[in-house]
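Structure file structure.cif (mmCIF, C-alpha atoms) is printed below.
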```
data_start
#
loop_
_atom_site.label_atom_id
_atom_site.label_comp_id
_atom_site.auth_asym_id
_atom_site.auth_seq_id
_atom_site.Cartn_x
_atom_site.Cartn_y
_atom_site.Cartn_z
CA MET A 1 -3.47 13.82 16.84
CA PRO A 2 -3.86 12.74 13.18
CA LYS A 3 -2.31 9.46 12.18
CA THR A 4 0.60 9.50 9.75
CA LEU A 5 1.80 7.21 7.00
CA ALA A 6 5.40 6.89 5.87
CA VAL A 7 5.96 6.00 2.22
CA LEU A 8 9.22 5.13 0.48
CA MET A 9 9.23 5.58 -3.29
CA MET A 10 11.97 4.45 -5.62
CA ASP A 11 10.89 4.85 -9.23
CA ALA A 12 12.06 7.72 -11.42
CA PRO A 13 9.30 9.80 -13.02
CA TYR A 14 7.72 8.73 -16.30
CA GLU A 15 8.77 5.09 -16.07
CA GLN A 16 6.18 3.15 -14.10
CA THR A 17 2.51 3.28 -13.22
CA ARG A 18 3.62 2.67 -9.63
CA THR A 19 4.51 6.35 -9.40
CA THR A 20 0.99 7.53 -10.13
CA THR A 21 -0.43 4.87 -7.82
CA ALA A 22 1.87 6.06 -5.05
CA PHE A 23 0.76 9.66 -5.51
CA ARG A 24 -2.87 8.49 -5.43
CA LEU A 25 -2.16 6.78 -2.12
CA LEU A 26 -0.64 9.97 -0.73
CA ASP A 27 -3.61 12.03 -1.94
CA ALA A 28 -6.08 9.53 -0.46
CA ALA A 29 -4.20 9.50 2.83
CA LEU A 30 -4.35 13.29 3.08
CA ARG A 31 -8.03 13.46 2.07
CA ASN A 32 -8.77 10.91 4.78
CA GLY A 33 -7.00 12.96 7.42
CA TYR A 34 -3.63 11.21 7.52
CA GLY A 35 -0.36 13.10 7.52
CA VAL A 36 2.26 11.75 5.15
CA ARG A 37 6.01 11.41 5.26
CA VAL A 38 7.72 10.54 1.99
CA PHE A 39 11.26 9.25 1.58
CA ALA A 40 12.39 9.38 -2.04
CA TYR A 41 15.10 6.82 -2.79
CA GLU A 42 17.08 6.33 -6.01
CA GLY A 43 15.20 7.61 -9.10
CA ALA A 44 12.31 8.95 -7.07
CA VAL A 45 14.47 11.91 -5.98
CA SER A 46 13.73 13.34 -9.43
CA LEU A 47 10.01 13.58 -8.69
CA PRO A 48 10.21 17.03 -7.05
CA LEU A 49 12.69 18.38 -9.63
CA THR A 50 11.45 21.82 -10.67
CA LEU A 51 13.41 21.72 -13.94
CA GLN A 52 10.82 19.35 -15.44
CA LYS A 53 9.08 20.99 -18.37
CA ALA A 54 5.76 20.33 -20.04
CA HIS A 55 5.89 19.97 -23.82
CA PRO A 56 3.57 19.91 -26.85
CA ASN A 57 2.42 16.67 -28.43
CA ALA A 58 2.68 16.77 -32.20
CA ILE A 59 1.29 13.25 -32.58
CA HIS A 60 -1.89 14.39 -30.87
CA GLY A 61 -1.78 17.80 -32.49
CA ARG A 62 -1.69 19.61 -29.17
CA ASN A 63 0.46 22.55 -28.17
CA ALA A 64 2.08 22.62 -24.76
CA GLU A 65 -0.81 24.39 -23.14
CA GLU A 66 -3.39 22.03 -24.65
CA GLU A 67 -1.33 18.95 -23.82
CA ALA A 68 -0.93 20.09 -20.22
CA HIS A 69 1.60 17.34 -19.75
CA PRO A 70 1.97 16.33 -16.09
CA THR A 71 5.18 17.22 -14.32
CA PRO A 72 5.50 15.35 -11.02
CA HIS A 73 6.98 18.32 -9.18
CA VAL A 74 3.56 19.93 -9.58
CA TRP A 75 2.03 16.84 -7.97
CA VAL A 76 4.41 17.21 -5.04
CA SER A 77 3.48 20.89 -4.66
CA ALA A 78 -0.23 20.07 -4.95
CA LEU A 79 -0.06 17.51 -2.16
CA MET A 80 2.00 19.87 -0.06
CA HIS A 81 -0.69 22.50 -0.50
CA LEU A 82 -3.48 20.01 0.28
CA ALA A 83 -1.73 19.04 3.50
CA GLN A 84 -1.32 22.69 4.46
CA THR A 85 -5.01 23.48 3.88
CA LYS A 86 -5.99 20.52 6.06
CA GLY A 87 -3.41 21.22 8.73
CA LEU A 88 -1.72 17.88 8.15
CA MET A 89 1.90 16.78 8.15
CA PHE A 90 3.62 16.63 4.76
CA ASP A 91 7.30 15.87 4.82
CA TRP A 92 9.32 14.92 1.73
CA VAL A 93 12.94 13.84 2.08
CA ASN A 94 15.19 13.12 -0.90
CA CYS A 95 17.99 10.63 -0.28
CA GLY A 96 21.11 12.79 -0.45
CA LEU A 97 23.50 10.40 -2.19
CA CYS A 98 20.81 9.66 -4.77
CA VAL A 99 20.46 13.43 -5.30
CA ASP A 100 24.20 13.78 -5.84
CA GLU A 101 24.36 10.92 -8.34
CA ARG A 102 21.55 12.39 -10.40
CA GLY A 103 22.32 16.07 -10.06
CA VAL A 104 18.84 16.79 -8.76
CA THR A 105 19.55 20.09 -7.12
CA ASP A 106 16.52 22.23 -8.00
CA VAL A 107 13.58 20.87 -6.06
CA VAL A 108 10.24 22.02 -4.75
CA PRO A 109 10.73 24.36 -1.78
CA GLY A 110 10.24 22.43 1.41
CA VAL A 111 11.72 19.18 0.09
CA ARG A 112 14.57 18.18 2.40
CA ARG A 113 17.78 16.31 1.75
CA GLY A 114 18.41 13.35 4.01
CA SER A 115 19.58 9.78 4.44
CA PRO A 116 18.20 6.33 5.30
CA ALA A 117 18.38 7.39 8.94
CA ASP A 118 15.64 9.92 8.14
CA PHE A 119 13.48 7.14 6.72
CA TRP A 120 14.00 5.14 9.89
CA LYS A 121 12.96 8.19 11.93
CA MET A 122 9.87 8.59 9.71
CA VAL A 123 8.95 4.95 10.30
CA ALA A 124 9.38 5.30 14.05
CA GLU A 125 7.19 8.41 14.10
CA SER A 126 4.44 7.10 11.78
CA ASP A 127 1.54 4.73 12.37
CA ASN A 128 2.54 2.57 9.43
CA ALA A 129 5.00 2.51 6.56
CA VAL A 130 4.88 1.20 3.01
CA VAL A 131 7.81 0.63 0.67
CA ILE A 132 7.14 0.90 -3.07
CA PRO A 133 10.31 -0.37 -4.78
CA THR A 134 11.43 -0.26 -8.34
CA ARG A 135 11.47 -3.51 -10.32
CA MET B 1 10.88 -2.45 16.04
CA ARG B 2 11.94 -5.47 13.98
CA VAL B 3 11.97 -5.14 10.23
CA LEU B 4 12.19 -7.83 7.55
CA GLN B 5 13.48 -6.69 4.17
CA ILE B 6 12.36 -9.15 1.46
CA ILE B 7 14.51 -8.62 -1.61
CA GLU B 8 13.55 -9.60 -5.16
CA PRO B 9 14.79 -9.35 -7.88
CA ALA B 10 18.55 -9.23 -7.99
CA HIS B 11 20.79 -6.84 -9.88
CA ARG B 12 18.71 -3.71 -10.14
CA ALA B 13 21.41 -1.26 -11.26
CA THR B 14 23.99 -2.99 -9.06
CA LEU B 15 26.87 -2.15 -11.40
CA GLU B 16 25.89 1.54 -11.70
CA GLU B 17 25.38 1.85 -7.96
CA GLN B 18 28.27 -0.49 -7.05
CA ASP B 19 25.92 -2.04 -4.52
CA ASP B 20 22.61 -3.76 -4.28
CA THR B 21 20.66 -0.66 -3.24
CA VAL B 22 18.43 -2.57 -0.82
CA LEU B 23 21.29 -4.40 0.91
CA TRP B 24 23.03 -1.03 1.18
CA PHE B 25 19.88 0.58 2.54
CA THR B 26 19.55 -2.23 5.08
CA ARG B 27 23.08 -1.65 6.36
CA ALA B 28 22.25 2.06 6.65
CA LEU B 29 19.04 1.31 8.55
CA ARG B 30 20.93 -0.94 10.94
CA GLY B 31 23.46 1.85 11.40
CA ALA B 32 20.55 4.09 12.38
CA GLY B 33 19.45 1.57 15.00
CA ALA B 34 16.95 -0.57 13.11
CA ALA B 35 16.77 -4.28 13.84
CA ALA B 36 16.53 -5.18 10.15
CA ASP B 37 16.93 -8.66 8.70
CA VAL B 38 16.95 -9.84 5.08
CA LEU B 39 15.11 -12.56 3.19
CA LEU B 40 16.31 -13.21 -0.37
CA VAL B 41 13.71 -14.61 -2.74
CA GLY B 42 13.39 -15.24 -6.46
CA THR B 43 16.45 -14.28 -8.44
CA ALA B 44 17.91 -12.56 -5.35
CA VAL B 45 18.76 -15.96 -3.82
CA GLY B 46 21.69 -15.84 -6.22
CA TYR B 47 23.22 -13.17 -3.98
CA ALA B 48 23.75 -15.88 -1.34
CA VAL B 49 26.19 -17.86 -3.48
CA ARG B 50 29.78 -17.77 -2.27
CA GLY B 51 32.61 -16.67 -4.53
CA GLN B 52 30.85 -14.40 -7.03
CA THR B 53 32.47 -11.40 -8.64
CA SER B 54 31.18 -8.50 -10.69
CA ALA B 55 34.64 -7.19 -11.52
CA GLY B 56 35.78 -6.35 -15.00
CA LEU B 57 33.28 -3.86 -16.42
CA THR B 58 34.99 -1.67 -19.02
CA LEU B 59 33.32 0.78 -21.42
CA GLY B 60 35.71 2.39 -23.86
CA ALA B 61 38.57 3.74 -21.77
CA TRP B 62 36.55 3.62 -18.58
CA SER B 63 37.04 0.73 -16.17
CA GLN B 64 35.14 0.15 -12.95
CA ARG B 65 37.44 0.42 -9.94
CA GLN B 66 34.90 -0.52 -7.23
CA PRO B 67 32.62 -3.24 -8.54
CA PRO B 68 29.77 -4.33 -6.30
CA ASP B 69 30.80 -6.99 -3.79
CA ILE B 70 27.54 -8.59 -2.75
CA GLU B 71 29.24 -11.35 -0.76
CA HIS B 72 31.02 -8.68 1.29
CA GLU B 73 27.74 -6.82 1.90
CA ILE B 74 25.97 -9.96 3.06
CA THR B 75 28.88 -10.95 5.25
CA LYS B 76 28.98 -7.50 6.87
CA LEU B 77 25.26 -7.67 7.53
CA ILE B 78 25.62 -11.05 9.21
CA GLU B 79 28.59 -9.80 11.22
CA SER B 80 26.47 -6.86 12.41
CA GLY B 81 23.94 -9.30 13.83
CA ALA B 82 21.42 -9.37 11.01
CA THR B 83 19.74 -12.58 9.93
CA VAL B 84 20.16 -13.11 6.20
CA ALA B 85 18.12 -15.96 4.79
CA ALA B 86 17.40 -17.32 1.31
CA LEU B 87 14.22 -19.10 0.29
CA SER B 88 14.98 -22.82 -0.04
CA GLU B 89 12.53 -23.48 -2.86
CA ASP B 90 14.08 -20.71 -4.98
CA LEU B 91 17.57 -22.02 -4.21
CA SER B 92 16.77 -25.59 -5.23
CA ARG B 93 14.98 -24.38 -8.36
CA ARG B 94 18.29 -22.87 -9.39
CA GLY B 95 20.41 -25.86 -8.37
CA ILE B 96 22.05 -23.94 -5.52
CA THR B 97 23.02 -26.31 -2.70
CA PRO B 98 23.55 -25.30 0.94
CA GLU B 99 27.28 -25.97 0.53
CA ALA B 100 27.49 -23.18 -2.04
CA LEU B 101 26.14 -20.52 0.29
CA ILE B 102 28.02 -17.69 1.98
CA ASP B 103 28.85 -18.61 5.58
CA GLY B 104 26.05 -17.61 7.91
CA VAL B 105 23.26 -17.41 5.34
CA ARG B 106 20.24 -19.35 6.58
CA VAL B 107 17.81 -21.32 4.48
CA GLN B 108 14.12 -20.59 4.96
CA SER B 109 11.33 -22.72 3.55
CA ARG B 110 8.22 -21.15 2.09
CA HIS B 111 6.24 -23.37 4.50
CA GLY B 112 7.54 -21.46 7.48
CA LEU B 113 7.08 -18.00 6.01
CA GLY B 114 3.93 -17.18 7.97
CA ARG B 115 5.64 -17.89 11.27
CA LEU B 116 8.70 -15.93 10.17
CA LEU B 117 6.75 -12.85 9.10
CA ALA B 118 4.81 -12.89 12.37
CA GLN B 119 8.09 -12.23 14.20
CA TYR B 120 8.44 -8.80 12.61
CA ASP B 121 6.77 -5.47 13.23
CA ARG B 122 7.30 -4.32 9.67
CA VAL B 123 7.73 -6.45 6.56
CA TRP B 124 8.82 -4.62 3.40
CA LYS B 125 8.97 -6.31 0.03
CA TRP B 126 11.56 -4.58 -2.17
#
```

Would you mind giving the structure from this file in structure tokens?
Amino acid sequence: MPKTLAVLMMDAPYEQTRTTTAFRLLDAALRNGYGVRVFAYEGAVSLPLTLQKAHPNAIHGRNAEEEAHPTPHVWVSALMHLAQTKGLMFDWVNCGLCVDERGVTDVVPGVRRGSPADFWKMVAESDNAVVIPTR
Amino acid sequence: MRVLQIIEPAHRATLEEQDDTVLWFTRALRGAGAAADVLLVGTAVGYAVRGQTSAGLTLGAWSQRQPPDIEHEITKLIESGATVAALSEDLSRRGITPEALIDGVRVQSRHGLGRLLAQYDRVWKW
């Protein structure tokens, strides 16, 4: 039975390098055969928001296609797909009250709505858990 | 499974959320059955001071009706059986004496932190 890691994220997209680092951890965990369970708290519930749009970059002289600006919901989908190809657990829960506050209703299919009780369940069912808070 | 929630800094969107989001989360975890305790460090030791208020925020015609009540949150945690401690070195650095603390808040020295952390299965720094 593969080991699993639970990760709580808290930062909204496009604010902190911690977000990219957290996604790198998730990717590394999956590539090394670990399942992952993610609980998105506060601003992190916006990470799987499918309404995010890439845009051009006039300062760099790049159109939208050339700029290929990252949209974190694509990262979520990519990790979901990686987990599926490797037969590993990938569970993403958005904190429900945080979703309501922020109006984050359109999310990557498969992302669940939940509560801190779901995080506690994730922790109980995982081999270890890391919390990555906002500052 | 015993969990220690180390909280630093204070006042991350507490007025917008009408809570400290980590104290709130801790109460929710305890409601879900977690044996979660709290250690306040850095600026968060200020949460342990008795008699604070965040009331009075007004923006234009809008006034906050439910300001955060950190003392209430800490008191409810203690009443639920949680240990809530504040780091003594960070308290004294800020001139906060033990007499100023909310009833039930413990004082923890940095020197004993290793022994304290060893008592927990999970230690999360927020």

Excluding same-chain residues fewer than 6 positions from region 119-129 of chain A, what lies within 8 Å of it counting all atoms listed in the file, as a list in words?
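In the requested format, the answer is Lys3, Thr4, Leu5, Ala6, Val7, Leu8, Arg37 and Phe39 of chain A; Leu29, Ala32, Ala34 and Arg122 of chain B.
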
Using all atoms listed in the file, what table do you get, as a Markdown table, when you list each residue of chain B with an atom no more than 10 Å from chain A, its nearest pair of atoms, and their distance in Å rounded to one decimal, rows by chain then rising number?
```
| residue | atom | partner | partner_atom | distance |
| --- | --- | --- | --- | --- |
| B:Met1 | CA | A:Ala124 | CA | 8.1 |
| B:Gln5 | CA | A:Val131 | CA | 9.9 |
| B:Ile7 | CA | A:Pro133 | CA | 9.8 |
| B:Glu8 | CA | A:Arg135 | CA | 8.2 |
| B:Pro9 | CA | A:Arg135 | CA | 7.1 |
| B:Ala10 | CA | A:Arg135 | CA | 9.4 |
| B:His11 | CA | A:Arg135 | CA | 9.9 |
| B:Arg12 | CA | A:Arg135 | CA | 7.2 |
| B:Glu17 | CA | A:Glu101 | CA | 9.1 |
| B:Thr21 | CA | A:Glu42 | CA | 8.3 |
| B:Val22 | CA | A:Pro133 | CA | 9.3 |
| B:Trp24 | CA | A:Pro116 | CA | 9.7 |
| B:Phe25 | CA | A:Pro116 | CA | 6.6 |
| B:Thr26 | CA | A:Pro116 | CA | 8.7 |
| B:Arg27 | CA | A:Pro116 | CA | 9.4 |
| B:Ala28 | CA | A:Pro116 | CA | 6.0 |
| B:Leu29 | CA | A:Pro116 | CA | 6.0 |
| B:Arg30 | CA | A:Ala117 | CA | 8.9 |
| B:Gly31 | CA | A:Ala117 | CA | 7.9 |
| B:Ala32 | CA | A:Ala117 | CA | 5.2 |
| B:Gly33 | CA | A:Trp120 | CA | 8.3 |
| B:Ala34 | CA | A:Trp120 | CA | 7.2 |
| B:Asp121 | CA | A:Asn128 | CA | 9.8 |
| B:Arg122 | CA | A:Ala129 | CA | 7.8 |
| B:Val123 | CA | A:Val130 | CA | 8.9 |
| B:Trp124 | CA | A:Val131 | CA | 6.0 |
| B:Lys125 | CA | A:Val131 | CA | 7.1 |
| B:Trp126 | CA | A:Pro133 | CA | 5.1 |
```

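In this structure, CA of His69 (chain A) sits 6.5 Å away from CA of His55 (chain A).
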
- Identify all residues satisfying the PyMOL selection byres ((chain A and resi 83-85) around 10) in the given file; provide them as a list in words.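 Applied to this file, the PyMOL selection byres ((chain A and resi 83-85) around 10) returns Asp27, Ala29, Leu30, Arg31, Gly33, Tyr34, Gly35, Val36, Ser77, Ala78, Leu79, Met80, His81, Leu82, Lys86, Gly87, Leu88, Met89, Phe90 and Asp91 of chain A.
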
Separating CA of Asp20 (chain B) from CA of Pro68 (chain B), to the nearest tenth of an Å, is a gap of 7.5 Å

Where atoms are lacking, region 98-123 of chain A completed to N, CA and C atoms, as a CSV table (one decimal), keeping the file's coordinate frame:
```
chain,number,residue,atom,x,y,z
A,98,CYS,N,21.6,9.8,-3.5
A,98,CYS,CA,20.8,9.7,-4.8
A,98,CYS,C,20.7,11.0,-5.5
A,99,VAL,N,20.5,12.1,-4.7
A,99,VAL,CA,20.5,13.4,-5.3
A,99,VAL,C,21.8,13.8,-6.0
A,100,ASP,N,22.9,13.5,-5.3
A,100,ASP,CA,24.2,13.8,-5.8
A,100,ASP,C,24.5,13.0,-7.1
A,101,GLU,N,24.1,11.7,-7.1
A,101,GLU,CA,24.4,10.9,-8.3
A,101,GLU,C,23.6,11.5,-9.5
A,102,ARG,N,22.4,12.0,-9.3
A,102,ARG,CA,21.6,12.4,-10.4
A,102,ARG,C,21.6,13.9,-10.7
A,103,GLY,N,22.3,14.6,-9.8
A,103,GLY,CA,22.3,16.1,-10.1
A,103,GLY,C,21.0,16.8,-9.8
A,104,VAL,N,20.2,16.2,-9.0
A,104,VAL,CA,18.8,16.8,-8.8
A,104,VAL,C,18.9,17.9,-7.7
A,105,THR,N,19.3,19.1,-8.1
A,105,THR,CA,19.6,20.1,-7.1
A,105,THR,C,18.4,21.1,-7.0
A,106,ASP,N,17.6,21.2,-8.0
A,106,ASP,CA,16.5,22.2,-8.0
A,106,ASP,C,15.2,21.5,-7.7
A,107,VAL,N,14.8,21.6,-6.5
A,107,VAL,CA,13.6,20.9,-6.1
A,107,VAL,C,12.5,21.8,-5.5
A,108,VAL,N,11.4,21.3,-5.3
A,108,VAL,CA,10.2,22.0,-4.8
A,108,VAL,C,10.6,22.5,-3.4
A,109,PRO,N,10.4,23.8,-3.1
A,109,PRO,CA,10.7,24.4,-1.8
A,109,PRO,C,10.1,23.6,-0.7
A,110,GLY,N,10.8,23.2,0.3
A,110,GLY,CA,10.2,22.4,1.4
A,110,GLY,C,10.7,21.0,1.4
A,111,VAL,N,11.2,20.5,0.2
A,111,VAL,CA,11.7,19.2,0.1
A,111,VAL,C,13.1,19.2,0.8
A,112,ARG,N,13.3,18.2,1.6
A,112,ARG,CA,14.6,18.2,2.4
A,112,ARG,C,15.5,17.1,1.8
A,113,ARG,N,16.8,17.3,2.1
A,113,ARG,CA,17.8,16.3,1.8
A,113,ARG,C,18.1,15.5,3.0
A,114,GLY,N,18.2,14.2,2.8
A,114,GLY,CA,18.4,13.4,4.0
A,114,GLY,C,19.1,12.0,3.7
A,115,SER,N,18.9,11.1,4.6
A,115,SER,CA,19.6,9.8,4.4
A,115,SER,C,18.6,8.7,4.9
A,116,PRO,N,19.0,7.4,4.8
A,116,PRO,CA,18.2,6.3,5.3
A,116,PRO,C,17.8,6.5,6.8
A,117,ALA,N,18.7,7.2,7.5
A,117,ALA,CA,18.4,7.4,8.9
A,117,ALA,C,17.1,8.2,9.1
A,118,ASP,N,16.9,9.1,8.1
A,118,ASP,CA,15.6,9.9,8.1
A,118,ASP,C,14.4,9.0,7.9
A,119,PHE,N,14.6,8.1,7.0
A,119,PHE,CA,13.5,7.1,6.7
A,119,PHE,C,13.2,6.4,8.0
A,120,TRP,N,14.2,5.9,8.7
A,120,TRP,CA,14.0,5.1,9.9
A,120,TRP,C,13.3,6.0,10.9
A,121,LYS,N,13.6,7.3,11.0
A,121,LYS,CA,13.0,8.2,11.9
A,121,LYS,C,11.5,8.4,11.5
A,122,MET,N,11.3,8.5,10.2
A,122,MET,CA,9.9,8.6,9.7
A,122,MET,C,9.1,7.4,10.1
A,123,VAL,N,9.7,6.2,10.0
A,123,VAL,CA,9.0,5.0,10.3
A,123,VAL,C,8.6,4.9,11.8
```
